[in-house]
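Data file: query.csv. Format and content: CSV, C-alpha atoms and all ligand atoms.
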```csv
chain,number,residue,atom,x,y,z
A,1,MET,CA,0.0,0.0,0.0
A,2,ASN,CA,1.5,3.3,-1.0
A,3,MET,CA,0.6,5.8,1.8
A,4,SER,CA,2.9,8.7,2.5
A,5,ILE,CA,0.9,9.9,5.5
A,6,ARG,CA,0.4,7.3,8.2
A,7,PRO,CA,-0.9,8.8,11.5
A,8,ARG,CA,0.0,5.5,13.3
A,9,ARG,CA,3.7,6.2,12.7
A,10,LEU,CA,3.7,8.7,15.6
A,11,ARG,CA,1.9,6.3,17.9
A,12,ASN,CA,4.6,3.7,17.8
A,13,GLY,CA,5.9,3.5,21.3
A,14,GLU,CA,5.6,5.4,24.6
A,15,ILE,CA,8.7,7.6,24.1
A,16,LEU,CA,7.5,8.8,20.7
A,17,ARG,CA,3.9,9.2,21.9
A,18,LYS,CA,5.1,11.4,24.8
A,19,MET,CA,7.3,13.4,22.5
A,20,VAL,CA,4.5,14.4,20.2
A,21,ARG,CA,1.9,14.8,22.9
A,22,GLU,CA,-0.2,18.0,22.5
A,23,THR,CA,-1.4,18.4,26.1
A,24,ARG,CA,1.0,18.8,29.0
A,25,MET,CA,0.1,19.0,32.6
A,26,ASP,CA,1.8,19.5,35.8
A,27,ALA,CA,0.8,19.7,39.5
A,28,SER,CA,1.4,23.5,39.7
A,29,THR,CA,-1.9,24.0,37.8
A,30,LEU,CA,-4.0,21.9,40.3
A,31,ILE,CA,-6.1,23.4,43.0
A,32,TYR,CA,-7.6,21.2,45.8
A,33,PRO,CA,-11.0,22.2,47.2
A,34,MET,CA,-11.2,21.6,50.9
A,35,PHE,CA,-14.0,21.7,53.5
A,36,VAL,CA,-13.2,23.3,56.8
A,37,LYS,CA,-15.7,23.0,59.6
A,38,GLU,CA,-16.3,24.5,63.1
A,39,GLY,CA,-15.3,22.3,66.0
A,40,THR,CA,-12.3,20.3,67.0
A,41,GLY,CA,-10.9,16.9,66.2
A,42,ILE,CA,-13.1,16.5,63.2
A,43,VAL,CA,-12.1,14.3,60.2
A,44,GLU,CA,-15.5,13.4,58.9
A,45,GLU,CA,-16.0,11.5,55.6
A,46,ILE,CA,-18.6,13.0,53.3
A,47,PRO,CA,-21.1,10.3,52.6
A,48,THR,CA,-21.7,11.3,49.0
A,49,MET,CA,-18.0,11.9,48.3
A,50,PRO,CA,-16.2,8.9,49.6
A,51,GLY,CA,-12.5,9.7,50.2
A,52,GLN,CA,-13.3,13.4,50.9
A,53,PHE,CA,-13.5,14.8,54.4
A,54,ARG,CA,-14.6,17.7,56.4
A,55,TYR,CA,-11.8,18.9,58.7
A,56,SER,CA,-11.7,21.2,61.7
A,57,VAL,CA,-9.0,23.8,61.9
A,58,ASP,CA,-7.0,21.6,64.3
A,59,THR,CA,-7.0,18.6,61.9
A,60,MET,CA,-6.7,20.2,58.5
A,61,GLY,CA,-2.9,20.5,58.9
A,62,GLU,CA,-2.5,16.8,58.3
A,63,LYS,CA,-4.3,17.0,54.9
A,64,LEU,CA,-2.4,20.2,53.9
A,65,ALA,CA,0.9,18.5,54.7
A,66,ALA,CA,-0.1,15.5,52.6
A,67,LEU,CA,-1.1,17.7,49.7
A,68,ARG,CA,2.2,19.7,49.9
A,69,ASP,CA,4.2,16.4,50.0
A,70,ALA,CA,2.3,15.3,46.9
A,71,GLY,CA,3.3,18.5,45.1
A,72,ILE,CA,0.0,20.4,45.5
A,73,SER,CA,0.7,24.0,46.5
A,74,SER,CA,-2.8,25.5,46.1
A,75,VAL,CA,-6.0,24.9,48.0
A,76,MET,CA,-9.4,26.5,48.0
A,77,PHE,CA,-11.3,26.7,51.3
A,78,PHE,CA,-15.0,26.2,51.8
A,79,GLY,CA,-16.4,26.9,55.2
A,80,ILE,CA,-19.0,25.0,57.1
A,81,PRO,CA,-20.2,27.2,60.0
A,82,ASP,CA,-22.1,26.3,63.1
A,83,TYR,CA,-24.4,29.2,62.8
A,84,LYS,CA,-26.5,30.5,60.0
A,85,ASP,CA,-28.7,33.5,59.7
A,86,GLU,CA,-30.8,35.4,57.1
A,87,VAL,CA,-27.9,37.6,56.0
A,88,GLY,CA,-25.1,35.0,56.2
A,89,SER,CA,-23.1,37.0,58.7
A,90,GLY,CA,-20.8,34.0,59.3
A,91,ALA,CA,-19.3,34.6,55.9
A,92,TYR,CA,-17.7,37.9,56.8
A,93,ALA,CA,-17.3,37.4,60.6
A,94,GLU,CA,-13.8,38.0,61.8
A,95,ASP,CA,-13.8,34.7,63.7
A,96,GLY,CA,-15.7,32.9,60.9
A,97,ILE,CA,-14.6,29.4,60.0
A,98,VAL,CA,-12.7,30.3,56.8
A,99,GLN,CA,-11.1,33.2,58.5
A,100,LYS,CA,-9.8,31.0,61.3
A,101,ALA,CA,-8.7,28.3,58.9
A,102,LEU,CA,-6.8,31.0,56.9
A,103,ARG,CA,-5.0,32.4,60.0
A,104,GLN,CA,-3.9,28.9,61.1
A,105,ALA,CA,-2.8,27.8,57.6
A,106,ARG,CA,-1.0,31.0,57.0
A,107,LYS,CA,1.0,30.3,60.1
A,108,ASP,CA,1.7,26.6,59.6
A,109,PHE,CA,1.8,26.5,55.8
A,110,SER,CA,3.3,29.8,54.8
A,111,ASP,CA,4.6,28.3,51.5
A,112,MET,CA,1.1,27.2,50.4
A,113,TYR,CA,-1.2,29.3,48.2
A,114,LEU,CA,-4.6,29.9,49.9
A,115,ILE,CA,-7.7,30.6,47.9
A,116,THR,CA,-11.2,31.1,49.3
A,117,ASP,CA,-14.6,30.5,47.9
A,118,VAL,CA,-16.6,33.7,48.4
A,119,CYS,CA,-20.3,33.0,48.7
A,120,MET,CA,-23.2,33.2,51.1
A,121,CYS,CA,-25.0,29.9,50.6
A,122,GLU,CA,-23.2,28.0,53.4
A,123,TYR,CA,-23.9,30.8,55.8
A,124,THR,CA,-27.5,31.8,55.1
A,125,SER,CA,-30.4,30.0,56.9
A,126,HIS,CA,-32.3,29.8,53.6
A,127,GLY,CA,-29.3,28.4,51.6
A,128,HIS,CA,-29.3,31.0,48.8
A,129,CYS,CA,-26.2,32.7,47.6
A,130,GLY,CA,-27.3,36.1,48.7
A,131,VAL,CA,-29.7,38.1,50.9
A,132,LEU,CA,-33.4,37.8,50.1
A,133,CYS,CA,-36.1,40.2,49.2
A,134,GLY,CA,-39.2,38.2,49.4
A,135,HIS,CA,-38.3,35.0,47.6
A,136,ASP,CA,-35.8,36.6,45.3
A,137,VAL,CA,-32.1,37.2,45.9
A,138,ASN,CA,-31.4,40.9,46.1
A,139,ASN,CA,-28.5,41.4,43.8
A,140,ASP,CA,-27.2,44.8,44.8
A,141,GLU,CA,-27.6,44.3,48.6
A,142,THR,CA,-25.7,41.0,48.3
A,143,LEU,CA,-22.7,42.7,46.5
A,144,LYS,CA,-21.9,44.6,49.7
A,145,LEU,CA,-21.8,41.4,51.8
A,146,LEU,CA,-19.7,39.5,49.2
A,147,ALA,CA,-17.2,42.4,49.1
A,148,LYS,CA,-17.1,42.4,52.9
A,149,THR,CA,-16.5,38.6,52.9
A,150,ALA,CA,-13.7,38.9,50.3
A,151,LEU,CA,-12.1,41.6,52.3
A,152,SER,CA,-12.3,39.7,55.6
A,153,HIS,CA,-10.6,36.7,53.8
A,154,ALA,CA,-7.8,38.9,52.5
A,155,GLN,CA,-7.3,40.3,56.0
A,156,ALA,CA,-7.1,36.8,57.4
A,157,GLY,CA,-4.4,35.9,54.9
A,158,ALA,CA,-6.1,34.7,51.7
A,159,ASP,CA,-3.8,34.9,48.7
A,160,MET,CA,-6.7,34.9,46.2
A,161,VAL,CA,-10.5,35.1,46.4
A,162,ALA,CA,-12.9,33.2,44.2
A,163,PRO,CA,-16.5,34.5,44.2
A,164,SER,CA,-19.0,31.7,43.2
A,165,ASP,CA,-22.3,33.4,43.9
A,166,MET,CA,-23.1,34.6,40.3
A,167,MET,CA,-24.5,38.0,41.3
A,168,ASP,CA,-24.1,40.7,38.7
A,169,GLY,CA,-21.3,43.1,39.4
A,170,ARG,CA,-19.6,41.2,42.2
A,171,VAL,CA,-16.2,41.2,40.7
A,172,ALA,CA,-16.2,45.0,40.5
A,173,ALA,CA,-17.6,45.4,44.0
A,174,ILE,CA,-15.0,43.0,45.4
A,175,ARG,CA,-12.1,44.7,43.5
A,176,GLU,CA,-13.1,48.1,44.7
A,177,LEU,CA,-13.3,47.2,48.4
A,178,LEU,CA,-10.1,45.2,48.2
A,179,ASP,CA,-8.2,48.0,46.5
A,180,GLY,CA,-9.7,50.6,48.9
A,181,ASN,CA,-8.1,48.6,51.8
A,182,GLY,CA,-4.7,48.0,50.3
A,183,TYR,CA,-5.3,44.6,48.8
A,184,GLN,CA,-4.6,45.6,45.2
A,185,ASN,CA,-2.4,42.5,44.8
A,186,VAL,CA,-5.0,39.9,45.8
A,187,PRO,CA,-6.2,38.4,42.6
A,188,ILE,CA,-9.8,37.5,41.9
A,189,MET,CA,-10.6,34.2,40.2
A,190,SER,CA,-14.3,34.5,39.3
A,191,TYR,CA,-16.6,31.6,38.8
A,192,ALA,CA,-17.7,33.5,35.7
A,193,VAL,CA,-19.4,30.7,33.7
A,194,LYS,CA,-21.2,28.8,36.4
A,195,TYR,CA,-24.2,26.8,35.4
A,196,ALA,CA,-27.2,25.8,37.5
A,197,SER,CA,-26.2,22.2,37.7
A,198,ALA,CA,-27.3,19.0,39.4
A,199,PHE,CA,-23.6,18.1,39.5
A,200,TYR,CA,-23.3,20.2,42.7
A,201,GLY,CA,-25.6,17.7,44.6
A,202,PRO,CA,-22.9,16.0,46.6
A,203,PHE,CA,-21.2,19.4,47.5
A,204,ARG,CA,-24.5,20.7,48.9
A,205,ASP,CA,-24.6,17.6,51.1
A,206,ALA,CA,-21.0,18.1,52.1
A,207,ALA,CA,-21.5,21.8,52.9
A,208,GLY,CA,-25.1,21.7,54.0
A,209,SER,CA,-25.8,24.5,51.5
A,210,ALA,CA,-28.8,23.3,49.5
A,211,PRO,CA,-31.4,26.1,49.1
A,212,SER,CA,-34.4,25.5,51.5
A,213,PHE,CA,-36.8,26.6,48.8
A,214,GLY,CA,-36.6,27.1,45.0
A,215,ASP,CA,-33.4,26.7,43.1
A,216,ARG,CA,-30.4,28.8,41.9
A,217,LYS,CA,-31.7,29.3,38.4
A,218,THR,CA,-32.2,33.1,38.8
A,219,TYR,CA,-28.5,33.6,39.3
A,220,GLN,CA,-26.6,30.5,38.0
A,221,MET,CA,-26.7,30.0,34.2
A,222,ASP,CA,-29.1,28.0,32.1
A,223,TYR,CA,-27.2,25.0,30.7
A,224,HIS,CA,-28.7,25.4,27.3
A,225,ASN,CA,-26.7,28.6,26.8
A,226,SER,CA,-23.3,29.1,25.4
A,227,ARG,CA,-23.0,32.7,24.1
A,228,GLU,CA,-24.3,33.8,27.5
A,229,GLY,CA,-21.2,32.2,29.0
A,230,ILE,CA,-18.9,34.3,26.9
A,231,LYS,CA,-20.9,37.4,27.9
A,232,GLU,CA,-20.4,36.5,31.6
A,233,ALA,CA,-16.7,35.8,31.1
A,234,LEU,CA,-16.0,39.0,29.2
A,235,LEU,CA,-18.0,41.0,31.8
A,236,ASP,CA,-16.0,39.6,34.7
A,237,VAL,CA,-12.7,40.3,32.9
A,238,GLN,CA,-13.9,43.9,32.3
A,239,GLU,CA,-14.7,44.2,36.0
A,240,GLY,CA,-11.2,43.1,36.9
A,241,ALA,CA,-11.3,39.3,37.2
A,242,ASP,CA,-7.7,38.0,36.9
A,243,ILE,CA,-8.8,34.4,36.2
A,244,VAL,CA,-12.1,33.2,35.0
A,245,MET,CA,-13.6,29.8,35.7
A,246,VAL,CA,-15.9,27.4,33.9
A,247,LYS,CA,-18.0,25.1,36.2
A,248,PRO,CA,-18.8,22.2,36.1
A,249,ALA,CA,-16.0,20.9,33.9
A,250,MET,CA,-16.8,17.6,32.3
A,251,SER,CA,-20.2,18.4,30.6
A,252,TYR,CA,-19.0,21.9,29.8
A,253,LEU,CA,-15.7,21.4,28.0
A,254,ASP,CA,-17.1,23.3,25.0
A,255,MET,CA,-17.3,26.3,27.2
A,256,VAL,CA,-13.8,25.9,28.4
A,257,THR,CA,-12.6,26.0,24.7
A,258,LYS,CA,-14.8,29.0,23.8
A,259,VAL,CA,-14.0,31.0,26.9
A,260,LYS,CA,-10.3,30.3,26.3
A,261,GLU,CA,-10.6,31.8,22.8
A,262,ALA,CA,-12.6,34.8,24.0
A,263,VAL,CA,-10.5,36.1,26.9
A,264,LYS,CA,-6.8,36.9,27.5
A,265,VAL,CA,-6.7,35.8,31.1
A,266,PRO,CA,-6.0,32.3,32.5
A,267,VAL,CA,-9.0,29.9,32.4
A,268,ALA,CA,-9.8,27.5,35.2
A,269,ALA,CA,-12.1,24.5,35.0
A,270,TYR,CA,-13.7,23.1,38.1
A,271,SER,CA,-14.4,19.3,38.2
A,272,VAL,CA,-17.2,19.4,40.7
A,273,SER,CA,-18.5,17.1,43.4
A,274,GLY,CA,-20.9,15.2,41.1
A,275,GLU,CA,-18.2,14.4,38.7
A,276,TYR,CA,-16.1,13.1,41.6
A,277,ALA,CA,-19.0,11.1,43.0
A,278,MET,CA,-19.9,9.5,39.6
A,279,ILE,CA,-16.3,8.3,39.1
A,280,LYS,CA,-16.1,7.0,42.7
A,281,ALA,CA,-19.4,5.2,42.5
A,282,GLY,CA,-18.6,3.6,39.1
A,283,ALA,CA,-15.2,2.5,40.3
A,284,SER,CA,-16.5,1.1,43.6
A,285,LEU,CA,-18.9,-1.1,41.6
A,286,GLY,CA,-16.0,-2.2,39.5
A,287,TYR,CA,-17.6,-0.8,36.3
A,288,ILE,CA,-14.7,1.5,35.5
A,289,ASP,CA,-11.0,1.9,36.3
A,290,GLU,CA,-10.8,4.8,38.7
A,291,GLU,CA,-7.1,5.8,38.0
A,292,LYS,CA,-7.5,5.6,34.2
A,293,ILE,CA,-10.8,7.5,34.2
A,294,VAL,CA,-9.4,10.3,36.5
A,295,CYS,CA,-6.4,10.7,34.1
A,296,GLU,CA,-8.5,10.8,31.0
A,297,THR,CA,-11.0,13.2,32.5
A,298,ALA,CA,-8.3,15.6,33.7
A,299,ALA,CA,-6.5,15.4,30.3
A,300,SER,CA,-9.8,16.3,28.5
A,301,ALA,CA,-10.2,19.5,30.6
A,302,TYR,CA,-6.6,20.6,29.7
A,303,ARG,CA,-7.1,19.6,26.1
A,304,ALA,CA,-10.2,21.7,26.0
A,305,GLY,CA,-8.0,24.6,27.0
A,306,CYS,CA,-8.0,25.1,30.8
A,307,ASP,CA,-4.9,26.5,32.4
A,308,ILE,CA,-5.9,25.6,35.9
A,309,TYR,CA,-7.9,22.6,37.1
A,310,LEU,CA,-9.8,22.4,40.4
A,311,THR,CA,-10.4,18.8,41.4
A,312,TYR,CA,-11.0,16.7,44.5
A,313,TYR,CA,-8.6,14.2,42.8
A,314,ALA,CA,-5.7,16.8,42.9
A,315,GLN,CA,-3.6,14.7,45.2
A,316,GLU,CA,-4.0,11.5,43.2
A,317,LEU,CA,-3.4,13.4,39.9
A,318,ALA,CA,-0.2,14.9,41.2
A,319,ARG,CA,1.0,11.3,41.9
A,320,TYR,CA,-0.1,10.1,38.5
A,321,MET,CA,1.8,12.9,36.9
A,322,LYS,CA,4.9,12.1,38.9
A,323,GLU,CA,4.6,8.4,37.9
A,324,GLY,CA,4.3,9.5,34.3
A,325,LYS,CA,0.8,8.1,33.9
A,326,ILE,CA,-0.5,11.4,32.7
A,327,GLY,CA,1.0,14.7,31.6
A,401,LIG,C1,-21.1,27.9,46.4
A,401,LIG,C2,-20.5,26.8,45.6
A,401,LIG,C3,-21.0,25.6,45.2
A,401,LIG,C4,-19.9,24.9,44.6
A,401,LIG,C5,-18.8,25.7,44.7
A,401,LIG,N1,-19.2,26.9,45.3
A,401,LIG,C6,-22.4,25.1,45.3
A,401,LIG,C7,-23.5,25.7,44.6
A,401,LIG,O1,-23.3,26.6,43.8
A,401,LIG,O2,-24.6,25.2,44.8
A,401,LIG,C8,-20.0,23.5,44.0
A,401,LIG,C9,-18.8,22.7,44.1
A,401,LIG,C10,-18.9,21.3,43.8
A,401,LIG,O3,-20.0,20.8,43.5
A,401,LIG,O4,-17.9,20.6,43.9
A,401,LIG,N2,-22.0,28.6,45.8
```
Would you give me this structure, written as structure tokens?
Amino acid sequence: MNMSIRPRRLRNGEILRKMVRETRMDASTLIYPMFVKEGTGIVEEIPTMPGQFRYSVDTMGEKLAALRDAGISSVMFFGIPDYKDEVGSGAYAEDGIVQKALRQARKDFSDMYLITDVCMCEYTSHGHCGVLCGHDVNNDETLKLLAKTALSHAQAGADMVAPSDMMDGRVAAIRELLDGNGYQNVPIMSYAVKYASAFYGPFRDAAGSAPSFGDRKTYQMDYHNSREGIKEALLDVQEGADIVMVKPAMSYLDMVTKVKEAVKVPVAAYSVSGEYAMIKAGASLGYIDEEKIVCETAASAYRAGCDIYLTYYAQELARYMKEGKIG
């Protein structure tokens, strides 16, 4: 057979396949999302996310050390407070759970990069991502509280803040308050393209943040929409977002690619709790090979164009990268 172009020639052996590989990954681009909870001595497995735990401030150090040893330098804190109220005051309390975790981690893990999720839903009695006016979330009133939350995180030692609420104008509001208080150098990673997704189910279990009525569809995006995601990303960049995120990752890789083409800032993809839970469940039944699926899933997000990958599998992925199984 006379064929001058044979694609298989470049697949002949692992050395050559690695040489011509188009997608490269390393652990410096991974962020591990971590749940910190009020109390002491807590290492509590999350039932819907086997292998993931809620930690109290006094126990989280063990996990942070394990992450650091594995080559993960960046974590994102989610807080699980004891106390909730209508206005989510625990989110911006000086002795709030995230603020306490930050101060401790800042002291014990000065070489790690600490990011915080900025949102109200874990702190409001109604579970919505902002303050209510009737049954509706009041956008502009919420902005003040989100900005206050971000500032209190920066004051407690956060290196970066990541607003996940999907209120209009939050990036500008946060940027303004941070700048006004001398935190010009704290970057904002905005959850810019965040869809109203059933993939957050296990997280809401983990963080106790499910809305007590209604849903999040008046602020999170309709998953039928694509151009609207570009609008959100561009708007956030215009307001001062340093990094924009697409969330969830797996079912939204088209958006990762499109956002990457549309903006000039780094793009993050968040492989959310439901993605983790599906892989865990499938693997525990013996239906799929966990390690191979985790590698393939991660590679697909990077191939789609993400620069940064948030995943509950960060520690395992760092190991797979080191072992040459991926990257
Ligand atoms: C807070 C927030 C959520 C997630 C990240 N930040 C939940 C939600 O929007 O309901 C989801 C993360 C995950 O599912 O892993 N608003």
Exercise: Tyr252 of chain A partners within 9 Å, all atoms listed in the file, chain neighbours under 5 positions left out, as a short mmCIF file (atom, residue, chain, number, x, y, z; two decimals) with C-alpha atoms, keeping the file's coordinate frame:
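File produced: around39.cif:
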```cif
data_model
loop_
_atom_site.label_atom_id
_atom_site.label_comp_id
_atom_site.auth_asym_id
_atom_site.auth_seq_id
_atom_site.Cartn_x
_atom_site.Cartn_y
_atom_site.Cartn_z
CA TYR A 223 -27.20 25.00 30.70
CA VAL A 246 -15.90 27.40 33.90
CA LYS A 247 -18.00 25.10 36.20
#
```
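If all atoms listed in the file are the atoms counted, then among A:Gly71, A:Pro202, A:Gly169, A:Pro81 the closest residue to ligand LIG 401 (chain A) is A:Pro202.
Atom pair atom CA of Val193 of chain A / atom CA of Glu22 of chain A: separated by 25.6 Å.
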Counting all atoms listed in the file, give me one row per residue of chain A with an atom at most 7 Å from an atom of ligand LIG 401 (chain A), showing the shortest contact pair and its distance in Å to one decimal, sorted by chain then residue number, as a tab-separated table.
```
residue	atom	partner	partner_atom	distance
A:Asp117	CA	A:LIG401	N1	6.4
A:Cys119	CA	A:LIG401	N2	5.5
A:Cys121	CA	A:LIG401	N2	5.8
A:Cys129	CA	A:LIG401	N2	6.1
A:Ser164	CA	A:LIG401	N2	5.0
A:Asp165	CA	A:LIG401	N2	5.2
A:Phe199	CA	A:LIG401	O3	6.0
A:Tyr200	CA	A:LIG401	O3	3.4
A:Gly201	CA	A:LIG401	O3	6.5
A:Pro202	CA	A:LIG401	O3	6.4
A:Phe203	CA	A:LIG401	O3	4.4
A:Arg204	CA	A:LIG401	C6	6.1
A:Ser209	CA	A:LIG401	O2	6.8
A:Ala210	CA	A:LIG401	O2	6.6
A:Ser271	CA	A:LIG401	O4	6.8
A:Val272	CA	A:LIG401	O4	3.5
A:Ser273	CA	A:LIG401	O4	3.6
A:Gly274	CA	A:LIG401	O3	6.2
```
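One distance worth recording is that between atom CA of Ile243 of chain A and atom CA of Pro266 of chain A, which is 5.1 Å.
Interatomic distance, atom CA of Lys280 of chain A against atom CA of Ile293 of chain A: 10.0 Å.
Using all atoms listed in the file for every distance, the candidate list A:Thr29, A:Ser212, A:Gln184, A:Thr59 yields A:Thr59 as the residue closest to Gly41 of chain A.
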Item to check | Within 10 Å of file point (-30.0, 40.6, 44.2), counting all atoms listed in the file, expressed as a list in words | outcome: Cys129, Gly130, Val131, Leu132, Cys133, Asp136, Val137, Asn138, Asn139, Asp140, Glu141, Thr142, Leu143, Met166, Met167, Asp168, Thr218 and Tyr219 of chain A
Item to check | Residue contacts of segment 314-316 of chain A (6 Å, all atoms listed in the file) excluding same-chain residues fewer than 3 positions away, as a ChimeraX atom specification | outcome: /A:30,32,67,311,319
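Within 9 Å of the point (-25.7, 30.1, 56.6) in file coordinates, and counting all atoms listed in the file, lie the residues Ile80, Pro81, Asp82, Tyr83, Lys84, Asp85, Glu86, Val87, Gly88, Ser89, Gly90, Ala91, Met120, Cys121, Glu122, Tyr123, Thr124, Ser125, His126, Gly127, His128, Gly208 and Ser209 of chain A.
Ranking A:Asp236, A:Glu44, A:Glu296, A:Asp108 by their shortest atom-to-atom distance to Ala65 of chain A, with only C-alpha atoms included, puts A:Asp108 first.
Comparing A:Asp289, A:Lys260, A:Ala27, A:Glu62 by their smallest distance to Gly305 of chain A, the closest is A:Lys260 (using only C-alpha atoms).
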Next on the checklist: Quick one: residues within 12 Å of Asp95 of chain A, only C-alpha atoms, excluding same-chain residues fewer than 6 positions away - as a ChimeraX atom specification?
Outcome noted: /A:38,79,81-83,89,101-104,149,152-153,155-156
